[in-house]
Amino acid sequence: MRVLLIGSGGREHALAWKLVQSPLLSKLYCAPGNAGISQCAEIVDLDPTNHPAIIDFCKSSQIDLVVVGPEAPLVAGLADDLDNAGIKVFGPSAAAAQLEGSKGFTKDLCAEFNIPTAAYGRFSDSASAKAYLKNCQIPIVIKADGLAAGKGVVIAETVNDAEAAIDDCFSGAFGDAGSEVVIEEFLEGEEASLFALSDGQTALLLGTAQDHKRVGDGDTGPNTGGMGAYSPAPVMTQDMIDQTMSDIIVPTLAGMHSRGMPFKGILFAGLMLTNKGPLLIEYNVRFGDPECQVLMTRLKSDLLELILASIDGSLLEVEANWSDKAALTVVLASKGYPGTYEKGAPIEGIERAEETGTTVFHAGTASNGDTLVATGGRVLNVTALGDSVSEAQQKAYAAADQIKWDNGFCRRDIGWRAVEREKQAGH
């Protein structure tokens with residue numbers, strides 16, 4: 001099969017790395033890609049927002065399947081346009097992608113189909129949002145309704161902070177994403193992620209993970225797109241997984257089906273594990289980044305086969321097999337991220353890092369002649385397998401320390417919750 005992968009981040013490098021292992025694959029293209037992806041796919045200069053150009057390329061290059069990595073093209077209807085052009089595509093329709101594209105849409109679906117989540121209100125103007133605040137307990141969560149690259153969420157510790165966050169949204173700080181605001185009850189607990197593959201009716205569990213959103217050690221500093229992750233999440237017991245599948249994933253798929261917008265693709269549930277059981281924080285309609293990197297490292301099955309089963313409605317006929325090992329990835333980011341940062345600094349030592357047995361997935365990289373340079377905020381994902389999270393953590397940091405990049409930094413405590421649990425259990 002000839003496959004086109006859309007995207008340019010660490011998630012897409014992990015998908016490319018896994019796709020080329022499939023005996024079903026004859027040729028992999030990626031648009032717009034990065035320096036790491038160029039080692040396993042042919043890079044195509046296509047803009048993911050230019051749907052006609054993507055369709056033209058698919059037809060001229062006889063592409064059998066398009067795999068869409070990021071959320072923005074899905075919310076913008078790329079899957080619909082490809083489908084209408086007769087091109088097989090992995091990723092939900094624009095209607096189904098509202099599960100990520102509109103937090104209010106998802107909250108209303110939860111209310112209608114009794115999916116456990118935090119209490120909430122939806123608002124399209126500042127005055128009514130602030131009026132609702134008066135009856136809320138602090139802390140409170142303020143969310144821009146639309147896509148804000150993981151940055152449109154504020155946990156407000158005071159009423160003033162909450163009102164400032166509301167003003168930010170309505171003043172355009174998050175562009176169109178903030179034209180509507182969702183105010184949510186603050187949930188106490190530990191966060192975890194669960195991934196399922198859907199063909200519109202059936203859900204196939206794809207494992208669990210935990211990521212680290214804040215930029216600094218000890219979960220301090222501003223939120224980011226994710227500074228590291230590990231899988232599986234030890235906090236997600238089998239009972240917790242079963243409860244999430246039966247109370248959250250299955251009713252969501254049934255609700256979407258009944259609304260005439262069946263969900264096909266990756267359903268990524270962000271969960272808060274509370275004393276009342278798992279509650280849904282939000283949905284994403286694609287693999288997480290950096291969670292994808294640890295999932296692909298652990299996946300033993302043929303990813304392309306699973307993707308085709310999702311598209312063709314035959315998930316009941318396949319199964320996903322996983323390594324028993326733990327995978328952990330450490331994000332190397334540009335100094336200054338998630339704020340402003342410099343681009344173009346050279347990076348050396350990736351080969352030395354990979355000689356330790358780890359895999360380094362590229363996110364924001366490019367080749368400048370023979371030199372690898374940083375072009376983004378999150379730049380590399382150093383990913384290791386181990387018999388425990390503690391072992392995977394040691395291997396990942398030992399490999400990361402082989403990389404020479406003066407403008408880079410990483411958190412030094414990725415996996416700390418699982419490592420603490422393993423110590424307490426005497427592992």
# chains A, B, ... in the order shown; residues from 1 in each chain; ligands from 1
>>> residues_around(residues="A:Asp167", least_positions_apart="6", cutoff="12 Å", atoms="only C-alpha atoms", output="VMD selection string")
chain A and resid 124 to 130 142 to 144 154 160 to 161 173 to 174 178 to 181
>>> write_last_selection(atoms="N, CA and C atoms", output="CSV table (one decimal), in the first residue's frame")
chain,number,residue,atom,x,y,z
A,124,SER,N,-21.2,32.4,25.8
A,124,SER,CA,-20.7,33.1,24.6
A,124,SER,C,-20.5,34.6,24.8
A,125,ASP,N,-20.6,35.0,26.1
A,125,ASP,CA,-20.3,36.4,26.4
A,125,ASP,C,-19.7,36.4,27.8
A,126,SER,N,-18.9,37.5,28.1
A,126,SER,CA,-18.2,37.6,29.3
A,126,SER,C,-19.1,37.8,30.5
A,127,ALA,N,-20.2,38.6,30.3
A,127,ALA,CA,-21.1,39.0,31.5
A,127,ALA,C,-21.7,37.7,32.0
A,128,SER,N,-22.3,36.9,31.2
A,128,SER,CA,-23.0,35.7,31.7
A,128,SER,C,-22.0,34.7,32.3
A,129,ALA,N,-20.8,34.6,31.7
A,129,ALA,CA,-19.8,33.7,32.3
A,129,ALA,C,-19.4,34.2,33.7
A,130,LYS,N,-19.2,35.5,33.9
A,130,LYS,CA,-18.9,36.0,35.2
A,130,LYS,C,-20.0,35.9,36.2
A,142,ILE,N,-11.3,27.3,33.7
A,142,ILE,CA,-11.8,28.1,32.5
A,142,ILE,C,-11.2,27.5,31.3
A,143,LYS,N,-12.0,27.2,30.3
A,143,LYS,CA,-11.5,26.6,29.0
A,143,LYS,C,-12.0,27.4,27.8
A,144,ALA,N,-11.1,27.7,26.9
A,144,ALA,CA,-11.5,28.1,25.6
A,144,ALA,C,-12.2,27.0,24.9
A,154,VAL,N,-7.2,27.2,31.9
A,154,VAL,CA,-6.7,27.9,33.1
A,154,VAL,C,-7.3,27.3,34.3
A,160,ASN,N,-10.6,36.5,40.8
A,160,ASN,CA,-9.9,37.5,39.9
A,160,ASN,C,-9.2,36.8,38.8
A,161,ASP,N,-8.5,35.7,39.1
A,161,ASP,CA,-7.9,34.9,38.1
A,161,ASP,C,-8.9,34.3,37.1
A,173,ALA,N,-7.3,36.2,22.9
A,173,ALA,CA,-6.0,35.6,23.2
A,173,ALA,C,-5.8,34.3,22.5
A,174,PHE,N,-6.9,33.5,22.3
A,174,PHE,CA,-6.8,32.2,21.7
A,174,PHE,C,-7.5,32.2,20.3
A,178,GLY,N,-11.5,31.0,21.4
A,178,GLY,CA,-12.0,31.6,22.7
A,178,GLY,C,-13.3,32.3,22.5
A,179,SER,N,-14.0,32.1,21.3
A,179,SER,CA,-15.3,32.8,21.1
A,179,SER,C,-16.4,32.3,22.0
A,180,GLU,N,-16.2,31.1,22.5
A,180,GLU,CA,-17.1,30.5,23.5
A,180,GLU,C,-16.2,30.0,24.6
A,181,VAL,N,-16.8,30.0,25.9
A,181,VAL,CA,-16.0,29.6,27.0
A,181,VAL,C,-16.8,28.5,27.8
>>> residues_around(residues="A:Leu385", least_positions_apart="4", cutoff="6 Å", atoms="only C-alpha atoms", output="PyMOL selection string")
chain A and resi 326-327+392
>>> residues_around(residues="A:Pro232", least_positions_apart="6", cutoff="12 Å", atoms="only C-alpha atoms", output="PDB file with N, CA and C atoms, in the first residue's frame")
ATOM      1  N   ALA A 192      -4.974  10.556  33.935  1.00  0.00           N
ATOM      2  CA  ALA A 192      -4.437   9.478  33.107  1.00  0.00           C
ATOM      3  C   ALA A 192      -5.144   9.526  31.760  1.00  0.00           C
ATOM      4  N   SER A 193      -4.570   8.838  30.795  1.00  0.00           N
ATOM      5  CA  SER A 193      -5.132   8.815  29.443  1.00  0.00           C
ATOM      6  C   SER A 193      -5.429   7.382  29.038  1.00  0.00           C
ATOM      7  N   LEU A 194      -6.558   7.214  28.332  1.00  0.00           N
ATOM      8  CA  LEU A 194      -6.904   5.918  27.769  1.00  0.00           C
ATOM      9  C   LEU A 194      -7.185   6.107  26.282  1.00  0.00           C
ATOM     10  N   PHE A 195      -6.660   5.191  25.465  1.00  0.00           N
ATOM     11  CA  PHE A 195      -6.806   5.278  24.015  1.00  0.00           C
ATOM     12  C   PHE A 195      -7.607   4.088  23.510  1.00  0.00           C
ATOM     13  N   LEU A 206      -6.615   0.518  23.199  1.00  0.00           N
ATOM     14  CA  LEU A 206      -5.232   0.667  22.716  1.00  0.00           C
ATOM     15  C   LEU A 206      -4.273   1.028  23.836  1.00  0.00           C
ATOM     16  N   GLY A 207      -4.687   0.868  25.078  1.00  0.00           N
ATOM     17  CA  GLY A 207      -3.722   1.074  26.154  1.00  0.00           C
ATOM     18  C   GLY A 207      -3.898   2.386  26.892  1.00  0.00           C
ATOM     19  N   THR A 208      -3.060   2.546  27.913  1.00  0.00           N
ATOM     20  CA  THR A 208      -3.137   3.703  28.809  1.00  0.00           C
ATOM     21  C   THR A 208      -1.773   4.385  28.868  1.00  0.00           C
ATOM     22  N   ALA A 209      -1.790   5.636  29.314  1.00  0.00           N
ATOM     23  CA  ALA A 209      -0.542   6.393  29.458  1.00  0.00           C
ATOM     24  C   ALA A 209      -0.772   7.517  30.457  1.00  0.00           C
ATOM     25  N   GLN A 210       0.315   8.081  30.927  1.00  0.00           N
ATOM     26  CA  GLN A 210       0.258   9.330  31.687  1.00  0.00           C
ATOM     27  C   GLN A 210       1.289  10.273  31.106  1.00  0.00           C
ATOM     28  N   ASP A 211       0.890  11.541  30.933  1.00  0.00           N
ATOM     29  CA  ASP A 211       1.867  12.512  30.438  1.00  0.00           C
ATOM     30  C   ASP A 211       2.104  13.577  31.500  1.00  0.00           C
ATOM     31  N   GLN A 238      -7.054  -2.764  36.002  1.00  0.00           N
ATOM     32  CA  GLN A 238      -7.977  -3.384  35.038  1.00  0.00           C
ATOM     33  C   GLN A 238      -9.418  -2.972  35.324  1.00  0.00           C
ATOM     34  N   ILE A 241      -9.890   0.455  33.921  1.00  0.00           N
ATOM     35  CA  ILE A 241      -9.976   0.400  32.456  1.00  0.00           C
ATOM     36  C   ILE A 241     -11.363  -0.079  32.027  1.00  0.00           C
ATOM     37  N   GLU A 291       2.193  10.890  24.002  1.00  0.00           N
ATOM     38  CA  GLU A 291       1.723   9.541  24.347  1.00  0.00           C
ATOM     39  C   GLU A 291       1.868   8.560  23.189  1.00  0.00           C
ATOM     40  N   CYS A 292       1.694   9.046  21.955  1.00  0.00           N
ATOM     41  CA  CYS A 292       1.819   8.165  20.789  1.00  0.00           C
ATOM     42  C   CYS A 292       3.184   7.484  20.752  1.00  0.00           C
ATOM     43  N   VAL A 294       5.151   6.508  23.164  1.00  0.00           N
ATOM     44  CA  VAL A 294       5.294   5.346  24.057  1.00  0.00           C
ATOM     45  C   VAL A 294       4.356   4.211  23.641  1.00  0.00           C
ATOM     46  N   LEU A 295       3.190   4.553  23.099  1.00  0.00           N
ATOM     47  CA  LEU A 295       2.277   3.499  22.633  1.00  0.00           C
ATOM     48  C   LEU A 295       2.866   2.754  21.437  1.00  0.00           C
ATOM     49  N   MET A 296       3.390   3.492  20.461  1.00  0.00           N
ATOM     50  CA  MET A 296       3.957   2.832  19.279  1.00  0.00           C
ATOM     51  C   MET A 296       5.171   1.980  19.644  1.00  0.00           C
ATOM     52  N   THR A 297       5.933   2.413  20.649  1.00  0.00           N
ATOM     53  CA  THR A 297       7.103   1.645  21.086  1.00  0.00           C
ATOM     54  C   THR A 297       6.682   0.314  21.696  1.00  0.00           C
ATOM     55  N   ARG A 298       5.498   0.296  22.325  1.00  0.00           N
ATOM     56  CA  ARG A 298       5.010  -0.929  22.970  1.00  0.00           C
ATOM     57  C   ARG A 298       4.161  -1.810  22.055  1.00  0.00           C
ATOM     58  N   LEU A 299       3.608  -1.245  20.969  1.00  0.00           N
ATOM     59  CA  LEU A 299       2.686  -1.992  20.105  1.00  0.00           C
ATOM     60  C   LEU A 299       3.422  -3.077  19.315  1.00  0.00           C
ATOM     61  N   TRP A 322       0.474  -6.172  22.753  1.00  0.00           N
ATOM     62  CA  TRP A 322       1.367  -5.179  23.355  1.00  0.00           C
ATOM     63  C   TRP A 322       2.526  -5.840  24.072  1.00  0.00           C
ATOM     64  N   SER A 323       3.656  -5.171  24.075  1.00  0.00           N
ATOM     65  CA  SER A 323       4.789  -5.586  24.896  1.00  0.00           C
ATOM     66  C   SER A 323       4.418  -5.432  26.368  1.00  0.00           C
ATOM     67  N   ASP A 324       4.902  -6.363  27.194  1.00  0.00           N
ATOM     68  CA  ASP A 324       4.685  -6.262  28.645  1.00  0.00           C
ATOM     69  C   ASP A 324       5.577  -5.192  29.266  1.00  0.00           C
ATOM     70  N   LYS A 325       6.540  -4.714  28.502  1.00  0.00           N
ATOM     71  CA  LYS A 325       7.480  -3.735  29.040  1.00  0.00           C
ATOM     72  C   LYS A 325       6.826  -2.359  29.170  1.00  0.00           C
ATOM     73  N   ALA A 326       7.441  -1.529  30.002  1.00  0.00           N
ATOM     74  CA  ALA A 326       7.022  -0.127  30.136  1.00  0.00           C
ATOM     75  C   ALA A 326       7.831   0.712  29.154  1.00  0.00           C
ATOM     76  N   ALA A 327       7.189   1.712  28.583  1.00  0.00           N
ATOM     77  CA  ALA A 327       7.887   2.663  27.707  1.00  0.00           C
ATOM     78  C   ALA A 327       7.800   4.047  28.330  1.00  0.00           C
ATOM     79  N   LEU A 328       8.888   4.805  28.220  1.00  0.00           N
ATOM     80  CA  LEU A 328       8.920   6.165  28.755  1.00  0.00           C
ATOM     81  C   LEU A 328       9.625   7.070  27.754  1.00  0.00           C
ATOM     82  N   LEU A 385      12.412   1.508  26.450  1.00  0.00           N
ATOM     83  CA  LEU A 385      11.634   0.413  27.030  1.00  0.00           C
ATOM     84  C   LEU A 385      12.387  -0.156  28.226  1.00  0.00           C
ATOM     85  N   GLY A 386      11.640  -0.604  29.237  1.00  0.00           N
ATOM     86  CA  GLY A 386      12.266  -1.239  30.390  1.00  0.00           C
ATOM     87  C   GLY A 386      11.317  -2.222  31.049  1.00  0.00           C
ATOM     88  N   ASP A 387      11.847  -3.080  31.907  1.00  0.00           N
ATOM     89  CA  ASP A 387      10.988  -4.023  32.628  1.00  0.00           C
ATOM     90  C   ASP A 387      10.117  -3.324  33.657  1.00  0.00           C
ATOM     91  N   SER A 388      10.450  -2.084  33.981  1.00  0.00           N
ATOM     92  CA  SER A 388       9.655  -1.257  34.886  1.00  0.00           C
ATOM     93  C   SER A 388       9.745   0.179  34.377  1.00  0.00           C
ATOM     94  N   VAL A 389       8.877   1.034  34.888  1.00  0.00           N
ATOM     95  CA  VAL A 389       8.972   2.456  34.524  1.00  0.00           C
ATOM     96  C   VAL A 389      10.310   3.013  35.004  1.00  0.00           C
ATOM     97  N   ALA A 392      12.940   2.059  32.486  1.00  0.00           N
ATOM     98  CA  ALA A 392      12.756   2.823  31.252  1.00  0.00           C
ATOM     99  C   ALA A 392      13.193   4.270  31.455  1.00  0.00           C
ATOM    100  N   GLY A 415       7.889  10.386  34.752  1.00  0.00           N
ATOM    101  CA  GLY A 415       7.566   9.071  35.322  1.00  0.00           C
ATOM    102  C   GLY A 415       7.562   9.018  36.832  1.00  0.00           C
ATOM    103  N   ALA A 418       4.861   6.905  38.786  1.00  0.00           N
ATOM    104  CA  ALA A 418       5.002   5.449  38.641  1.00  0.00           C
ATOM    105  C   ALA A 418       6.246   4.947  39.361  1.00  0.00           C
TER     106      ALA A 418
END
>>> select_by_dssp(residues="stretch 1-131 of chain A", states="alpha helix (DSSP H)", output="PDB file with N, CA and C atoms, in the first residue's frame")
ATOM      1  N   GLY A  10       6.478  14.859  16.724  1.00  0.00           N
ATOM      2  CA  GLY A  10       6.979  13.611  17.283  1.00  0.00           C
ATOM      3  C   GLY A  10       5.972  12.481  17.136  1.00  0.00           C
ATOM      4  N   ARG A  11       4.701  12.818  17.272  1.00  0.00           N
ATOM      5  CA  ARG A  11       3.641  11.817  17.078  1.00  0.00           C
ATOM      6  C   ARG A  11       3.736  11.215  15.676  1.00  0.00           C
ATOM      7  N   GLU A  12       3.902  12.083  14.670  1.00  0.00           N
ATOM      8  CA  GLU A  12       3.958  11.598  13.293  1.00  0.00           C
ATOM      9  C   GLU A  12       5.232  10.785  13.019  1.00  0.00           C
ATOM     10  N   HIS A  13       6.354  11.167  13.668  1.00  0.00           N
ATOM     11  CA  HIS A  13       7.564  10.350  13.499  1.00  0.00           C
ATOM     12  C   HIS A  13       7.332   8.955  14.079  1.00  0.00           C
ATOM     13  N   ALA A  14       6.670   8.886  15.233  1.00  0.00           N
ATOM     14  CA  ALA A  14       6.381   7.576  15.841  1.00  0.00           C
ATOM     15  C   ALA A  14       5.456   6.757  14.945  1.00  0.00           C
ATOM     16  N   LEU A  15       4.448   7.408  14.342  1.00  0.00           N
ATOM     17  CA  LEU A  15       3.533   6.701  13.440  1.00  0.00           C
ATOM     18  C   LEU A  15       4.280   6.213  12.193  1.00  0.00           C
ATOM     19  N   ALA A  16       5.145   7.078  11.636  1.00  0.00           N
ATOM     20  CA  ALA A  16       5.923   6.698  10.453  1.00  0.00           C
ATOM     21  C   ALA A  16       6.835   5.513  10.770  1.00  0.00           C
ATOM     22  N   TRP A  17       7.514   5.595  11.908  1.00  0.00           N
ATOM     23  CA  TRP A  17       8.425   4.530  12.371  1.00  0.00           C
ATOM     24  C   TRP A  17       7.680   3.199  12.473  1.00  0.00           C
ATOM     25  N   LYS A  18       6.438   3.253  12.956  1.00  0.00           N
ATOM     26  CA  LYS A  18       5.643   2.031  13.123  1.00  0.00           C
ATOM     27  C   LYS A  18       5.064   1.562  11.786  1.00  0.00           C
ATOM     28  N   LEU A  19       4.603   2.493  10.959  1.00  0.00           N
ATOM     29  CA  LEU A  19       3.995   2.117   9.675  1.00  0.00           C
ATOM     30  C   LEU A  19       4.985   1.396   8.768  1.00  0.00           C
ATOM     31  N   HIS A  51      -6.520  21.407   1.179  1.00  0.00           N
ATOM     32  CA  HIS A  51      -7.126  20.102   0.905  1.00  0.00           C
ATOM     33  C   HIS A  51      -7.097  19.743  -0.592  1.00  0.00           C
ATOM     34  N   PRO A  52      -7.394  20.685  -1.520  1.00  0.00           N
ATOM     35  CA  PRO A  52      -7.332  20.322  -2.947  1.00  0.00           C
ATOM     36  C   PRO A  52      -5.946  19.848  -3.377  1.00  0.00           C
ATOM     37  N   ALA A  53      -4.887  20.481  -2.848  1.00  0.00           N
ATOM     38  CA  ALA A  53      -3.518  20.068  -3.207  1.00  0.00           C
ATOM     39  C   ALA A  53      -3.223  18.664  -2.695  1.00  0.00           C
ATOM     40  N   ILE A  54      -3.713  18.338  -1.497  1.00  0.00           N
ATOM     41  CA  ILE A  54      -3.515  16.991  -0.939  1.00  0.00           C
ATOM     42  C   ILE A  54      -4.239  15.959  -1.808  1.00  0.00           C
ATOM     43  N   ILE A  55      -5.472  16.284  -2.194  1.00  0.00           N
ATOM     44  CA  ILE A  55      -6.253  15.369  -3.041  1.00  0.00           C
ATOM     45  C   ILE A  55      -5.562  15.161  -4.390  1.00  0.00           C
ATOM     46  N   ASP A  56      -5.068  16.248  -4.984  1.00  0.00           N
ATOM     47  CA  ASP A  56      -4.361  16.144  -6.270  1.00  0.00           C
ATOM     48  C   ASP A  56      -3.132  15.243  -6.147  1.00  0.00           C
ATOM     49  N   PHE A  57      -2.368  15.428  -5.044  1.00  0.00           N
ATOM     50  CA  PHE A  57      -1.181  14.593  -4.839  1.00  0.00           C
ATOM     51  C   PHE A  57      -1.571  13.127  -4.700  1.00  0.00           C
ATOM     52  N   CYS A  58      -2.636  12.865  -3.928  1.00  0.00           N
ATOM     53  CA  CYS A  58      -3.078  11.474  -3.714  1.00  0.00           C
ATOM     54  C   CYS A  58      -3.433  10.808  -5.044  1.00  0.00           C
ATOM     55  N   LYS A  59      -4.099  11.567  -5.904  1.00  0.00           N
ATOM     56  CA  LYS A  59      -4.516  10.993  -7.192  1.00  0.00           C
ATOM     57  C   LYS A  59      -3.316  10.788  -8.113  1.00  0.00           C
ATOM     58  N   SER A  60      -2.417  11.770  -8.156  1.00  0.00           N
ATOM     59  CA  SER A  60      -1.276  11.656  -9.079  1.00  0.00           C
ATOM     60  C   SER A  60      -0.269  10.616  -8.597  1.00  0.00           C
ATOM     61  N   GLU A  71      -4.838  17.213  15.055  1.00  0.00           N
ATOM     62  CA  GLU A  71      -6.275  17.461  15.180  1.00  0.00           C
ATOM     63  C   GLU A  71      -6.813  18.540  14.242  1.00  0.00           C
ATOM     64  N   ALA A  72      -6.012  19.590  13.998  1.00  0.00           N
ATOM     65  CA  ALA A  72      -6.549  20.741  13.248  1.00  0.00           C
ATOM     66  C   ALA A  72      -7.078  20.353  11.867  1.00  0.00           C
ATOM     67  N   PRO A  73      -6.351  19.550  11.059  1.00  0.00           N
ATOM     68  CA  PRO A  73      -6.908  19.167   9.761  1.00  0.00           C
ATOM     69  C   PRO A  73      -8.194  18.348   9.872  1.00  0.00           C
ATOM     70  N   LEU A  74      -8.325  17.548  10.942  1.00  0.00           N
ATOM     71  CA  LEU A  74      -9.534  16.748  11.136  1.00  0.00           C
ATOM     72  C   LEU A  74     -10.724  17.647  11.452  1.00  0.00           C
ATOM     73  N   VAL A  75     -10.510  18.604  12.364  1.00  0.00           N
ATOM     74  CA  VAL A  75     -11.580  19.545  12.716  1.00  0.00           C
ATOM     75  C   VAL A  75     -11.979  20.379  11.494  1.00  0.00           C
ATOM     76  N   LEU A  78     -10.653  17.639   6.709  1.00  0.00           N
ATOM     77  CA  LEU A  78      -9.799  16.981   5.713  1.00  0.00           C
ATOM     78  C   LEU A  78     -10.282  15.562   5.420  1.00  0.00           C
ATOM     79  N   ALA A  79     -10.698  14.829   6.467  1.00  0.00           N
ATOM     80  CA  ALA A  79     -11.165  13.446   6.253  1.00  0.00           C
ATOM     81  C   ALA A  79     -12.393  13.432   5.346  1.00  0.00           C
ATOM     82  N   ASP A  80     -13.311  14.389   5.527  1.00  0.00           N
ATOM     83  CA  ASP A  80     -14.514  14.462   4.686  1.00  0.00           C
ATOM     84  C   ASP A  80     -14.142  14.699   3.223  1.00  0.00           C
ATOM     85  N   ASP A  81     -13.224  15.658   3.013  1.00  0.00           N
ATOM     86  CA  ASP A  81     -12.854  16.008   1.635  1.00  0.00           C
ATOM     87  C   ASP A  81     -12.154  14.845   0.933  1.00  0.00           C
ATOM     88  N   LEU A  82     -11.298  14.126   1.656  1.00  0.00           N
ATOM     89  CA  LEU A  82     -10.635  12.956   1.070  1.00  0.00           C
ATOM     90  C   LEU A  82     -11.650  11.856   0.773  1.00  0.00           C
ATOM     91  N   ASP A  83     -12.537  11.633   1.727  1.00  0.00           N
ATOM     92  CA  ASP A  83     -13.572  10.608   1.559  1.00  0.00           C
ATOM     93  C   ASP A  83     -14.450  10.924   0.341  1.00  0.00           C
ATOM     94  N   ASN A  84     -14.843  12.187   0.202  1.00  0.00           N
ATOM     95  CA  ASN A  84     -15.679  12.597  -0.928  1.00  0.00           C
ATOM     96  C   ASN A  84     -14.954  12.449  -2.263  1.00  0.00           C
ATOM     97  N   GLN A  98     -15.701  17.161  16.361  1.00  0.00           N
ATOM     98  CA  GLN A  98     -16.143  18.157  17.345  1.00  0.00           C
ATOM     99  C   GLN A  98     -15.877  17.690  18.772  1.00  0.00           C
ATOM    100  N   LEU A  99     -15.710  16.391  18.968  1.00  0.00           N
ATOM    101  CA  LEU A  99     -15.368  15.885  20.302  1.00  0.00           C
ATOM    102  C   LEU A  99     -14.100  16.545  20.836  1.00  0.00           C
ATOM    103  N   GLU A 100     -13.194  16.934  19.937  1.00  0.00           N
ATOM    104  CA  GLU A 100     -12.027  17.703  20.352  1.00  0.00           C
ATOM    105  C   GLU A 100     -12.168  19.172  19.995  1.00  0.00           C
ATOM    106  N   GLY A 101     -12.794  19.443  18.864  1.00  0.00           N
ATOM    107  CA  GLY A 101     -12.866  20.815  18.350  1.00  0.00           C
ATOM    108  C   GLY A 101     -13.747  21.738  19.152  1.00  0.00           C
ATOM    109  N   LYS A 103     -15.177  21.954  23.170  1.00  0.00           N
ATOM    110  CA  LYS A 103     -15.328  21.380  24.514  1.00  0.00           C
ATOM    111  C   LYS A 103     -16.791  21.406  24.943  1.00  0.00           C
ATOM    112  N   GLY A 104     -17.513  22.449  24.510  1.00  0.00           N
ATOM    113  CA  GLY A 104     -18.942  22.542  24.839  1.00  0.00           C
ATOM    114  C   GLY A 104     -19.742  21.416  24.206  1.00  0.00           C
ATOM    115  N   PHE A 105     -19.419  21.075  22.968  1.00  0.00           N
ATOM    116  CA  PHE A 105     -20.087  19.958  22.282  1.00  0.00           C
ATOM    117  C   PHE A 105     -19.942  18.680  23.102  1.00  0.00           C
ATOM    118  N   THR A 106     -18.713  18.421  23.555  1.00  0.00           N
ATOM    119  CA  THR A 106     -18.448  17.195  24.318  1.00  0.00           C
ATOM    120  C   THR A 106     -19.180  17.198  25.660  1.00  0.00           C
ATOM    121  N   LYS A 107     -19.179  18.350  26.332  1.00  0.00           N
ATOM    122  CA  LYS A 107     -19.875  18.422  27.623  1.00  0.00           C
ATOM    123  C   LYS A 107     -21.376  18.176  27.443  1.00  0.00           C
ATOM    124  N   ASP A 108     -21.951  18.724  26.377  1.00  0.00           N
ATOM    125  CA  ASP A 108     -23.379  18.502  26.120  1.00  0.00           C
ATOM    126  C   ASP A 108     -23.663  17.034  25.804  1.00  0.00           C
ATOM    127  N   LEU A 109     -22.747  16.388  25.074  1.00  0.00           N
ATOM    128  CA  LEU A 109     -22.900  14.958  24.786  1.00  0.00           C
ATOM    129  C   LEU A 109     -22.865  14.156  26.086  1.00  0.00           C
ATOM    130  N   CYS A 110     -21.939  14.519  26.979  1.00  0.00           N
ATOM    131  CA  CYS A 110     -21.844  13.839  28.283  1.00  0.00           C
ATOM    132  C   CYS A 110     -23.147  13.987  29.068  1.00  0.00           C
ATOM    133  N   ALA A 111     -23.704  15.189  29.039  1.00  0.00           N
ATOM    134  CA  ALA A 111     -24.958  15.434  29.773  1.00  0.00           C
ATOM    135  C   ALA A 111     -26.091  14.593  29.191  1.00  0.00           C
ATOM    136  N   GLU A 112     -26.144  14.523  27.864  1.00  0.00           N
ATOM    137  CA  GLU A 112     -27.248  13.801  27.206  1.00  0.00           C
ATOM    138  C   GLU A 112     -27.152  12.299  27.412  1.00  0.00           C
ATOM    139  N   SER A 126     -18.924  37.481  28.066  1.00  0.00           N
ATOM    140  CA  SER A 126     -18.201  37.630  29.321  1.00  0.00           C
ATOM    141  C   SER A 126     -19.136  37.823  30.522  1.00  0.00           C
ATOM    142  N   ALA A 127     -20.188  38.614  30.346  1.00  0.00           N
ATOM    143  CA  ALA A 127     -21.066  38.954  31.481  1.00  0.00           C
ATOM    144  C   ALA A 127     -21.750  37.713  32.047  1.00  0.00           C
ATOM    145  N   SER A 128     -22.297  36.861  31.171  1.00  0.00           N
ATOM    146  CA  SER A 128     -22.999  35.684  31.688  1.00  0.00           C
ATOM    147  C   SER A 128     -22.017  34.671  32.285  1.00  0.00           C
ATOM    148  N   ALA A 129     -20.805  34.604  31.721  1.00  0.00           N
ATOM    149  CA  ALA A 129     -19.785  33.711  32.286  1.00  0.00           C
ATOM    150  C   ALA A 129     -19.419  34.154  33.698  1.00  0.00           C
ATOM    151  N   LYS A 130     -19.237  35.465  33.873  1.00  0.00           N
ATOM    152  CA  LYS A 130     -18.859  35.983  35.204  1.00  0.00           C
ATOM    153  C   LYS A 130     -20.021  35.856  36.194  1.00  0.00           C
ATOM    154  N   ALA A 131     -21.236  35.968  35.703  1.00  0.00           N
ATOM    155  CA  ALA A 131     -22.400  35.790  36.588  1.00  0.00           C
ATOM    156  C   ALA A 131     -22.457  34.348  37.098  1.00  0.00           C
TER     157      ALA A 131
END
>>> residues_around(residues="A:Gly69", least_positions_apart="3", cutoff="8 Å", atoms="only C-alpha atoms", output="list of chain:residue names")
A:Leu5, A:Ile6, A:Gly7, A:Arg11, A:Glu12, A:Arg286, A:Phe287
>>> write_last_selection(atoms="N, CA and C atoms", output="compact mmCIF listing (two decimals), in the first residue's frame")
# COMPACT_ATOMS: atom_id res chain seq x y z
N LEU A 5 1.12 10.22 5.13
CA LEU A 5 0.94 10.61 6.53
C LEU A 5 0.97 12.13 6.61
N ILE A 6 -0.02 12.72 7.27
CA ILE A 6 -0.11 14.18 7.41
C ILE A 6 0.38 14.58 8.80
N GLY A 7 1.36 15.50 8.86
CA GLY A 7 1.83 16.01 10.14
C GLY A 7 3.35 16.16 10.15
N ARG A 11 4.70 12.82 17.27
CA ARG A 11 3.64 11.82 17.08
C ARG A 11 3.74 11.21 15.68
N GLU A 12 3.90 12.08 14.67
CA GLU A 12 3.96 11.60 13.29
C GLU A 12 5.23 10.78 13.02
N ARG A 286 -7.32 12.05 18.12
CA ARG A 286 -6.08 11.58 17.47
C ARG A 286 -5.17 11.08 18.58
N PHE A 287 -4.06 10.48 18.19
CA PHE A 287 -3.09 10.07 19.19
C PHE A 287 -2.55 11.28 19.93
